[in-house]
file input_6.txt (compact mmCIF, C-alpha atoms)
# COMPACT_ATOMS: atom_id res chain seq x y z
CA MET A 296 38.04 9.54 -163.34
CA ARG A 297 37.80 10.07 -159.60
CA ILE A 298 34.96 9.06 -157.29
CA ILE A 299 34.62 11.43 -154.35
CA ARG A 300 32.27 10.76 -151.46
CA THR A 301 32.93 13.62 -149.04
CA ILE A 302 32.04 17.30 -149.27
CA THR A 303 35.43 18.40 -147.95
CA GLU A 304 37.37 16.50 -150.60
CA MET A 305 35.01 17.60 -153.38
CA GLN A 306 35.32 21.27 -152.45
CA LYS A 307 39.11 20.93 -152.25
CA GLN A 308 39.31 19.46 -155.76
CA MET A 309 36.96 22.03 -157.25
CA GLN A 310 38.76 24.96 -155.61
CA GLN A 311 42.01 23.65 -157.08
CA LEU A 312 40.47 23.58 -160.56
CA LYS A 313 39.14 27.11 -160.08
CA SER A 314 42.57 28.36 -158.97
CA GLU A 315 44.01 26.96 -162.20
CA GLY A 316 41.45 28.92 -164.22
CA LYS A 317 39.63 25.82 -165.45
CA SER A 318 35.95 25.76 -166.28
CA ILE A 319 33.72 23.17 -164.60
CA GLY A 320 30.69 21.62 -166.28
CA TYR A 321 28.28 20.05 -163.84
CA VAL A 322 25.56 17.44 -164.42
CA PRO A 323 23.40 16.74 -161.33
CA THR A 324 21.60 13.38 -161.36
CA MET A 325 19.95 10.82 -159.10
CA GLY A 326 21.72 8.04 -161.01
CA PHE A 327 20.33 5.15 -163.06
CA LEU A 328 21.74 7.00 -166.07
CA HIS A 329 20.15 6.86 -169.53
CA GLU A 330 20.65 8.54 -172.90
CA GLY A 331 19.20 11.79 -171.63
CA HIS A 332 21.92 12.02 -168.99
CA ILE A 333 24.51 11.03 -171.60
CA SER A 334 23.48 14.00 -173.76
CA LEU A 335 24.08 16.30 -170.78
CA MET A 336 27.50 14.78 -170.10
CA ASN A 337 28.48 15.04 -173.77
CA ARG A 338 27.46 18.70 -173.92
CA ALA A 339 29.37 19.43 -170.71
CA ARG A 340 32.44 17.63 -172.07
CA LEU A 341 32.42 19.79 -175.21
CA GLU A 342 32.14 23.07 -173.35
CA ASN A 343 34.34 22.71 -170.24
CA ASP A 344 37.81 21.81 -169.04
CA ALA A 345 36.47 19.47 -166.35
CA VAL A 346 33.17 17.58 -166.05
CA VAL A 347 31.54 16.66 -162.74
CA LEU A 348 28.62 14.25 -162.40
CA SER A 349 26.84 13.98 -159.08
CA ILE A 350 24.79 10.91 -158.16
CA PHE A 351 22.59 11.48 -155.14
CA VAL A 352 19.06 10.23 -154.57
CA ASN A 353 17.78 13.24 -152.67
CA PRO A 354 15.26 12.24 -149.97
CA LEU A 355 13.98 15.80 -149.56
CA GLN A 356 12.28 15.79 -152.96
CA PHE A 357 10.26 12.62 -152.33
CA GLY A 358 6.76 13.04 -150.94
CA PRO A 359 5.11 10.85 -148.27
CA ALA A 360 3.36 8.74 -150.92
CA GLU A 361 6.52 8.28 -153.02
CA ASP A 362 8.76 5.29 -152.36
CA LEU A 363 12.32 6.55 -151.95
CA ASP A 364 13.66 3.02 -151.45
CA ALA A 365 12.13 1.86 -154.74
CA TYR A 366 14.02 4.43 -156.82
CA PRO A 367 16.28 2.46 -159.20
CA ARG A 368 19.98 2.43 -158.36
CA ASP A 369 22.96 0.85 -160.15
CA PHE A 370 26.22 2.62 -159.32
CA GLU A 371 28.50 0.20 -161.16
CA ARG A 372 26.58 0.73 -164.38
CA ASP A 373 26.48 4.50 -163.82
CA HIS A 374 30.22 4.53 -163.19
CA GLU A 375 30.89 2.76 -166.50
CA ILE A 376 28.62 5.10 -168.44
CA ALA A 377 30.20 8.19 -166.90
CA GLU A 378 33.71 6.95 -167.61
CA ASN A 379 32.79 6.28 -171.24
CA GLN A 380 31.54 9.87 -171.59
CA GLY A 381 34.79 11.34 -170.30
CA VAL A 382 33.53 12.51 -166.90
CA ASP A 383 36.40 13.60 -164.65
CA TYR A 384 34.74 13.40 -161.25
CA ILE A 385 31.75 11.59 -159.79
CA PHE A 386 30.48 13.14 -156.57
CA TYR A 387 28.72 10.26 -154.78
CA PRO A 388 27.85 11.31 -151.23
CA SER A 389 25.70 9.47 -148.71
CA VAL A 390 22.53 10.96 -147.26
CA GLU A 391 24.39 11.35 -143.95
CA GLU A 392 27.15 13.30 -145.70
CA MET A 393 24.71 15.70 -147.35
CA TYR A 394 22.32 16.07 -144.40
CA PRO A 395 24.28 15.38 -141.21
CA ASP A 396 22.05 17.37 -138.84
CA ASN A 397 18.60 18.88 -138.64
CA ALA A 398 18.64 21.95 -140.88
CA SER A 399 18.48 25.37 -139.24
CA VAL A 400 17.41 27.03 -142.51
CA LYS A 401 14.59 25.93 -144.78
CA VAL A 402 14.36 26.68 -148.51
CA SER A 403 10.93 27.44 -149.95
CA VAL A 404 10.32 27.97 -153.67
CA VAL A 405 7.46 30.46 -153.92
CA ASP A 406 7.08 30.87 -157.69
CA ARG A 407 6.79 28.57 -160.71
CA THR A 408 5.79 25.60 -158.52
CA ASN A 409 1.99 25.78 -158.15
CA VAL A 410 1.39 24.28 -161.61
CA LEU A 411 2.34 21.10 -163.51
CA CYS A 412 4.17 18.52 -161.34
CA GLY A 413 4.63 20.99 -158.52
CA LYS A 414 0.88 21.20 -157.97
CA SER A 415 0.55 17.50 -157.11
CA ARG A 416 3.92 17.23 -155.34
CA PRO A 417 3.94 19.87 -152.56
CA GLY A 418 7.40 20.39 -151.17
CA HIS A 419 9.11 18.62 -154.09
CA PHE A 420 10.80 21.70 -155.49
CA ASP A 421 11.75 22.88 -152.00
CA GLY A 422 13.76 19.66 -151.79
CA VAL A 423 15.22 20.19 -155.27
CA ALA A 424 16.23 23.77 -154.45
CA THR A 425 17.75 22.76 -151.11
CA VAL A 426 19.99 20.08 -152.57
CA LEU A 427 21.00 22.24 -155.55
CA ILE A 428 22.05 25.14 -153.33
CA LYS A 429 24.25 22.69 -151.42
CA LEU A 430 25.62 21.06 -154.59
CA PHE A 431 26.30 24.38 -156.32
CA ASN A 432 28.29 25.53 -153.28
CA ILE A 433 30.20 22.24 -153.14
CA ILE A 434 31.01 21.91 -156.84
CA LEU A 435 31.32 25.59 -157.82
CA PRO A 436 30.39 24.92 -161.46
CA THR A 437 30.92 27.30 -164.33
CA ARG A 438 27.96 25.77 -166.17
CA ALA A 439 25.16 23.48 -164.99
CA TYR A 440 23.34 21.17 -167.40
CA PHE A 441 19.68 20.20 -167.07
CA GLY A 442 17.38 18.32 -169.44
CA LEU A 443 14.32 20.11 -170.76
CA LYS A 444 12.20 16.98 -170.31
CA ASP A 445 11.54 18.39 -166.87
CA ALA A 446 10.95 21.93 -168.09
CA GLN A 447 9.42 23.02 -164.78
CA GLN A 448 12.60 22.02 -162.97
CA VAL A 449 14.65 24.04 -165.47
CA ALA A 450 12.39 27.05 -164.84
CA VAL A 451 12.82 26.67 -161.06
CA VAL A 452 16.61 26.33 -161.40
CA ASP A 453 16.64 29.44 -163.61
CA GLY A 454 14.93 31.37 -160.81
CA LEU A 455 17.22 29.84 -158.16
CA ILE A 456 20.40 30.86 -159.98
CA ARG A 457 19.15 34.40 -160.56
CA ASP A 458 17.66 34.96 -157.10
CA PHE A 459 20.71 33.69 -155.21
CA ASN A 460 23.24 35.29 -157.61
CA PHE A 461 25.09 32.08 -158.35
CA PRO A 462 27.85 32.77 -160.93
CA ILE A 463 26.62 29.78 -162.94
CA GLU A 464 25.46 29.57 -166.55
CA LEU A 465 22.35 27.40 -166.86
CA ILE A 466 22.45 25.21 -169.97
CA PRO A 467 19.07 23.62 -170.85
CA VAL A 468 19.48 20.59 -173.13
CA GLU A 469 16.79 19.27 -175.45
CA THR A 470 14.89 16.11 -174.54
CA VAL A 471 16.40 12.88 -175.85
CA ARG A 472 13.83 10.57 -177.42
CA GLU A 473 13.45 6.99 -178.53
CA GLU A 474 13.16 6.40 -182.27
CA ASP A 475 9.36 6.47 -182.03
CA GLY A 476 9.35 9.78 -180.13
CA LEU A 477 8.93 8.63 -176.52
CA ALA A 478 10.99 10.76 -174.15
CA LYS A 479 13.84 8.82 -172.55
CA SER A 480 13.25 8.24 -168.84
CA SER A 481 14.39 5.87 -166.11
CA ARG A 482 10.67 5.30 -165.43
CA ASN A 483 10.08 3.77 -168.88
CA VAL A 484 11.31 0.41 -167.56
CA TYR A 485 8.12 0.19 -165.47
CA LEU A 486 5.83 0.22 -168.53
CA SER A 487 4.22 -3.02 -169.65
CA ASP A 488 4.65 -3.99 -173.31
CA ASP A 489 1.19 -2.62 -174.16
CA GLU A 490 1.79 0.59 -172.23
CA ARG A 491 5.14 1.06 -173.98
CA GLN A 492 3.34 0.93 -177.33
CA GLN A 493 0.73 3.40 -176.12
CA ALA A 494 3.24 5.80 -174.57
CA VAL A 495 4.29 7.12 -177.99
CA GLU A 496 0.88 8.82 -178.17
CA LEU A 497 2.10 11.36 -175.63
CA SER A 498 4.69 12.83 -177.96
CA LYS A 499 2.22 12.52 -180.83
CA SER A 500 -0.24 14.71 -178.91
CA LEU A 501 2.47 17.35 -178.50
CA GLU A 502 3.17 17.23 -182.23
CA MET A 503 -0.55 17.63 -182.92
CA ALA A 504 -0.55 20.72 -180.71
CA ARG A 505 2.44 22.17 -182.53
CA LEU A 506 0.80 21.67 -185.90
CA ALA A 507 -2.47 23.22 -184.70
CA ILE A 508 -0.60 26.30 -183.49
CA GLU A 509 1.30 26.49 -186.78
CA ARG A 510 -2.08 26.53 -188.54
CA GLY A 511 -3.14 29.50 -186.43
CA GLU A 512 -4.79 28.09 -183.29
CA ARG A 513 -4.21 30.51 -180.41
CA SER A 514 -6.63 29.24 -177.75
CA PRO A 515 -4.91 27.29 -174.94
CA ASP A 516 -8.21 25.60 -174.08
CA GLU A 517 -8.66 24.32 -177.63
CA VAL A 518 -5.13 22.90 -177.75
CA VAL A 519 -5.45 21.29 -174.30
CA GLY A 520 -8.82 19.75 -175.19
CA MET A 521 -7.46 18.27 -178.39
CA MET A 522 -4.48 16.72 -176.60
CA ARG A 523 -6.58 15.29 -173.76
CA HIS A 524 -8.97 13.70 -176.24
CA HIS A 525 -6.12 12.12 -178.20
CA ILE A 526 -4.49 10.65 -175.09
CA LYS A 527 -7.79 9.36 -173.70
CA GLU A 528 -8.75 7.70 -176.99
CA ASN A 529 -5.35 6.11 -177.65
CA THR A 530 -4.00 5.03 -174.26
CA THR A 531 -5.13 3.32 -171.05
CA GLY A 532 -3.26 5.95 -169.06
CA THR A 533 -4.90 8.52 -166.81
CA VAL A 534 -4.17 12.14 -167.65
CA ASP A 535 -2.69 13.90 -164.63
CA TYR A 536 -2.46 17.20 -166.49
CA VAL A 537 -2.19 18.83 -169.89
CA GLU A 538 -1.32 22.49 -169.40
CA ILE A 539 0.04 25.47 -171.29
CA TYR A 540 2.01 28.35 -169.75
CA SER A 541 4.39 31.14 -170.65
CA TYR A 542 8.00 30.06 -170.26
CA PRO A 543 10.02 30.23 -168.07
CA GLU A 544 7.62 32.30 -165.93
CA LEU A 545 4.95 29.55 -165.99
CA GLY A 546 2.19 32.12 -166.09
CA GLU A 547 -1.33 31.51 -167.38
CA MET A 548 -2.20 32.70 -170.88
CA GLU A 549 -5.50 33.65 -172.48
CA THR A 550 -3.94 33.73 -175.94
CA LEU A 551 -0.88 31.85 -177.09
CA LYS A 552 2.01 34.20 -177.82
CA GLY A 553 5.72 34.43 -177.15
CA LYS A 554 7.61 31.53 -175.60
CA VAL A 555 5.12 28.84 -174.63
CA LEU A 556 5.44 25.57 -172.71
CA ILE A 557 2.99 22.78 -173.53
CA ALA A 558 3.37 20.05 -170.91
CA LEU A 559 1.66 16.81 -169.93
CA ALA A 560 1.79 14.05 -167.36
CA VAL A 561 0.08 10.68 -167.75
CA LYS A 562 -0.14 7.88 -165.19
CA PHE A 563 0.13 4.29 -166.35
CA SER A 564 -0.14 1.29 -164.02
CA LYS A 565 3.39 1.57 -162.57
CA ALA A 566 4.83 4.71 -164.14
CA ARG A 567 3.97 8.38 -164.39
CA LEU A 568 5.41 9.88 -167.57
CA ILE A 569 5.99 13.56 -168.32
CA ASP A 570 6.75 15.26 -171.61
CA ASN A 571 6.62 18.73 -173.10
CA THR A 572 7.51 21.00 -175.97
CA ILE A 573 8.55 24.64 -175.93
CA LEU A 574 7.44 26.80 -178.85
CA GLU A 575 7.90 30.39 -180.00
CA VAL A 576 4.43 31.56 -181.01
CA GLU A 577 4.18 34.66 -183.20

call {"tool": "encode", "arguments": {"input": "input_6.txt", "output": "structure tokens"}}
result
Amino acid sequence: MRIIRTITEMQKQMQQLKSEGKSIGYVPTMGFLHEGHISLMNRARLENDAVVLSIFVNPLQFGPAEDLDAYPRDFERDHEIAENQGVDYIFYPSVEEMYPDNASVKVSVVDRTNVLCGKSRPGHFDGVATVLIKLFNIILPTRAYFGLKDAQQVAVVDGLIRDFNFPIELIPVETVREEDGLAKSSRNVYLSDDERQQAVELSKSLEMARLAIERGERSPDEVVGMMRHHIKENTTGTVDYVEIYSYPELGEMETLKGKVLIALAVKFSKARLIDNTILEVE
């Protein structure tokens, strides 16, 4: 496995692979890898000749109230995990390498961002889109792997790939969960013991919603109200949102039908957790 820190060297290596007719599976991350990232690497390893993992804590997607410096980092651990999963290349650039000068072009995501996490994090997905356009052009992947735990991000990336005609296949990968159902996340380490016990109620509320829809409930308001009540009664967390949209368009619905995203975000004392489920509703 090679660690590459410069854009020039990374592009050179990827162009060489392309000239040899090899497929490239790409997993973009901000590091501090967990089982969710491992599932992406494993899927990429199965489906491609070469696997690239990028580790870059992207400052453009952090808002003024979000502490970039506090984001967890552990490159040695990440390196070991990636090597164990058969990753061929780690792209590990500095901020100065990725953003050497003031940008002359700004990227603005105009759709799929005014709901869910995007509503409370203005500019976040502009930063995500900016760094992904750069990374896609550097790494030239055949397939790009993203976890569905952040379903809004997957929807935005879907639009990005289509709108900019990237010859990349987007591979969404199902959320990896703890044994009790809690979605794996690097933020889970910030939960107190009591909050960790309560956090399982988030996935339970999603399961309650699924069962209600299976029984015939088609009102988004009814499903949202039921989930909010369950979370409020069973956790000390503060509900940021519980929302239901068509997927991947993220459009509002009066009646549940077709492909539907049910998503939530809950703030605990030191961690904001997100989770979701995607259903096909007849």

call {"tool": "residues_around", "arguments": {"input": "input_6.txt", "residues": "Met305 (chain A)", "least_positions_apart": "6", "cutoff": "10 Å", "atoms": "all atoms listed in the file", "output": "list of chain:residue names"}}
result
A:Ile298, A:Ile299, A:Gln311, A:Tyr384, A:Ile385, A:Phe386, A:Tyr387, A:Pro388, A:Ile433, A:Ile434, A:Leu435

call {"tool": "closest_atom_pairs", "arguments": {"input": "input_6.txt", "of": "region 509-557 of chain A", "to": "region 394-415 of chain A", "cutoff": "10 Å", "atoms": "all atoms listed in the file", "output": "Markdown table"}}
result
| residue | atom | partner | partner_atom | distance |
| --- | --- | --- | --- | --- |
| A:Asp535 | CA | A:Leu411 | CA | 8.9 |
| A:Tyr536 | CA | A:Leu411 | CA | 6.9 |
| A:Val537 | CA | A:Leu411 | CA | 8.1 |
| A:Glu538 | CA | A:Leu411 | CA | 7.1 |
| A:Ile539 | CA | A:Leu411 | CA | 9.2 |
| A:Tyr540 | CA | A:Val410 | CA | 9.1 |
| A:Tyr542 | CA | A:Arg407 | CA | 9.7 |
| A:Pro543 | CA | A:Arg407 | CA | 8.2 |
| A:Glu544 | CA | A:Arg407 | CA | 6.5 |
| A:Leu545 | CA | A:Arg407 | CA | 5.7 |
| A:Gly546 | CA | A:Arg407 | CA | 7.9 |
| A:Glu547 | CA | A:Val410 | CA | 9.6 |

call {"tool": "atom_distance", "arguments": {"input": "input_6.txt", "atom1": "CA of Glu464 (chain A)", "atom2": "CA of Glu330 (chain A)"}}
result
22.5 Å

call {"tool": "closest_residue", "arguments": {"input": "input_6.txt", "among": "A:Pro323, A:Gly316, A:Gly418, A:Gly476", "to": "Val452 (chain A)", "atoms": "all atoms listed in the file"}}
result
A:Pro323

call {"tool": "residues_around", "arguments": {"input": "input_6.txt", "residues": "Leu355 (chain A)", "least_positions_apart": "6", "cutoff": "8 Å", "atoms": "all atoms listed in the file", "output": "list in words"}}
result
His419, Asp421, Gly422, Val423 and Val426 of chain A

call {"tool": "residues_around", "arguments": {"input": "input_6.txt", "residues": "Glu371 (chain A)", "least_positions_apart": "3", "cutoff": "12 Å", "atoms": "all atoms listed in the file", "output": "count of residues only"}}
result
13

call {"tool": "atom_distance", "arguments": {"input": "input_6.txt", "atom1": "CA of Gln306 (chain A)", "atom2": "CA of Phe461 (chain A)"}}
result
16.0 Å

call {"tool": "closest_residue", "arguments": {"input": "input_6.txt", "among": "A:Val352, A:Met296, A:Leu556, A:Ile466", "to": "Arg338 (chain A)", "atoms": "all atoms listed in the file"}}
result
A:Ile466

call {"tool": "closest_residue", "arguments": {"input": "input_6.txt", "among": "A:Asp369, A:Glu517, A:Glu512, A:Glu361", "to": "His329 (chain A)", "atoms": "all atoms listed in the file"}}
result
A:Asp369

call {"tool": "closest_residue", "arguments": {"input": "input_6.txt", "among": "A:Val519, A:Ile508, A:Val382, A:Ala424", "to": "Gly454 (chain A)", "atoms": "all atoms listed in the file"}}
result
A:Ala424

call {"tool": "closest_residue", "arguments": {"input": "input_6.txt", "among": "A:Ser481, A:Ser541, A:Thr425, A:Ser564", "to": "Ala450 (chain A)", "atoms": "all atoms listed in the file"}}
result
A:Ser541

call {"tool": "atom_distance", "arguments": {"input": "input_6.txt", "atom1": "CA of Ala558 (chain A)", "atom2": "CA of Glu496 (chain A)"}}
result
13.6 Å

call {"tool": "residues_around", "arguments": {"input": "input_6.txt", "residues": "Gly442 (chain A)", "least_positions_apart": "4", "cutoff": "7 Å", "atoms": "all atoms listed in the file", "output": "MDAnalysis selection string"}}
result
chainID A and resid 467:470

call {"tool": "closest_residue", "arguments": {"input": "input_6.txt", "among": "A:Arg457, A:Lys444, A:Lys527, A:Arg482", "to": "Ile557 (chain A)", "atoms": "only C-alpha atoms"}}
result
A:Lys444

call {"tool": "residues_around", "arguments": {"input": "input_6.txt", "residues": "Tyr485 (chain A)", "least_positions_apart": "2", "cutoff": "8 Å", "atoms": "only C-alpha atoms", "output": "MDAnalysis selection string"}}
result
chainID A and resid 482:483 487 565:566

call {"tool": "decode", "arguments": {"input": "input_6.txt", "residues": "region 402-440 of chain A", "atoms": "C-alpha atoms", "output": "short mmCIF file (atom, residue, chain, number, x, y, z; two decimals), in the first residue's frame"}}
result
data_model
loop_
_atom_site.label_atom_id
_atom_site.label_comp_id
_atom_site.auth_asym_id
_atom_site.auth_seq_id
_atom_site.Cartn_x
_atom_site.Cartn_y
_atom_site.Cartn_z
CA VAL A 402 -19.35 25.72 -6.20
CA SER A 403 -22.94 26.15 -5.01
CA VAL A 404 -25.33 23.23 -4.56
CA VAL A 405 -28.80 24.58 -5.34
CA ASP A 406 -30.98 21.49 -4.89
CA ARG A 407 -31.43 18.77 -2.25
CA THR A 408 -29.74 20.91 0.43
CA ASN A 409 -32.49 23.04 2.00
CA VAL A 410 -33.76 20.16 4.15
CA LEU A 411 -32.36 17.77 6.78
CA CYS A 412 -28.75 18.58 7.79
CA GLY A 413 -28.34 21.05 4.97
CA LYS A 414 -31.00 23.32 6.45
CA SER A 415 -29.03 23.90 9.67
CA ARG A 416 -25.59 23.84 8.03
CA PRO A 417 -25.61 26.50 5.28
CA GLY A 418 -22.66 26.12 2.97
CA HIS A 419 -21.83 22.61 4.19
CA PHE A 420 -22.72 20.85 0.95
CA ASP A 421 -21.01 23.56 -1.10
CA GLY A 422 -17.85 22.51 0.71
CA VAL A 423 -18.58 18.82 0.15
CA ALA A 424 -19.22 19.37 -3.57
CA THR A 425 -16.08 21.49 -3.96
CA VAL A 426 -13.76 18.91 -2.44
CA LEU A 427 -15.41 16.01 -4.30
CA ILE A 428 -15.04 17.72 -7.67
CA LYS A 429 -11.34 18.13 -6.90
CA LEU A 430 -10.96 14.57 -5.60
CA PHE A 431 -12.85 13.02 -8.52
CA ASN A 432 -10.56 14.84 -10.95
CA ILE A 433 -7.46 13.78 -9.02
CA ILE A 434 -8.37 10.12 -8.50
CA LEU A 435 -10.39 9.44 -11.67
CA PRO A 436 -12.40 6.63 -10.05
CA THR A 437 -14.47 4.07 -11.88
CA ARG A 438 -16.75 3.72 -8.87
CA ALA A 439 -17.19 5.88 -5.76
CA TYR A 440 -18.50 4.43 -2.50
#
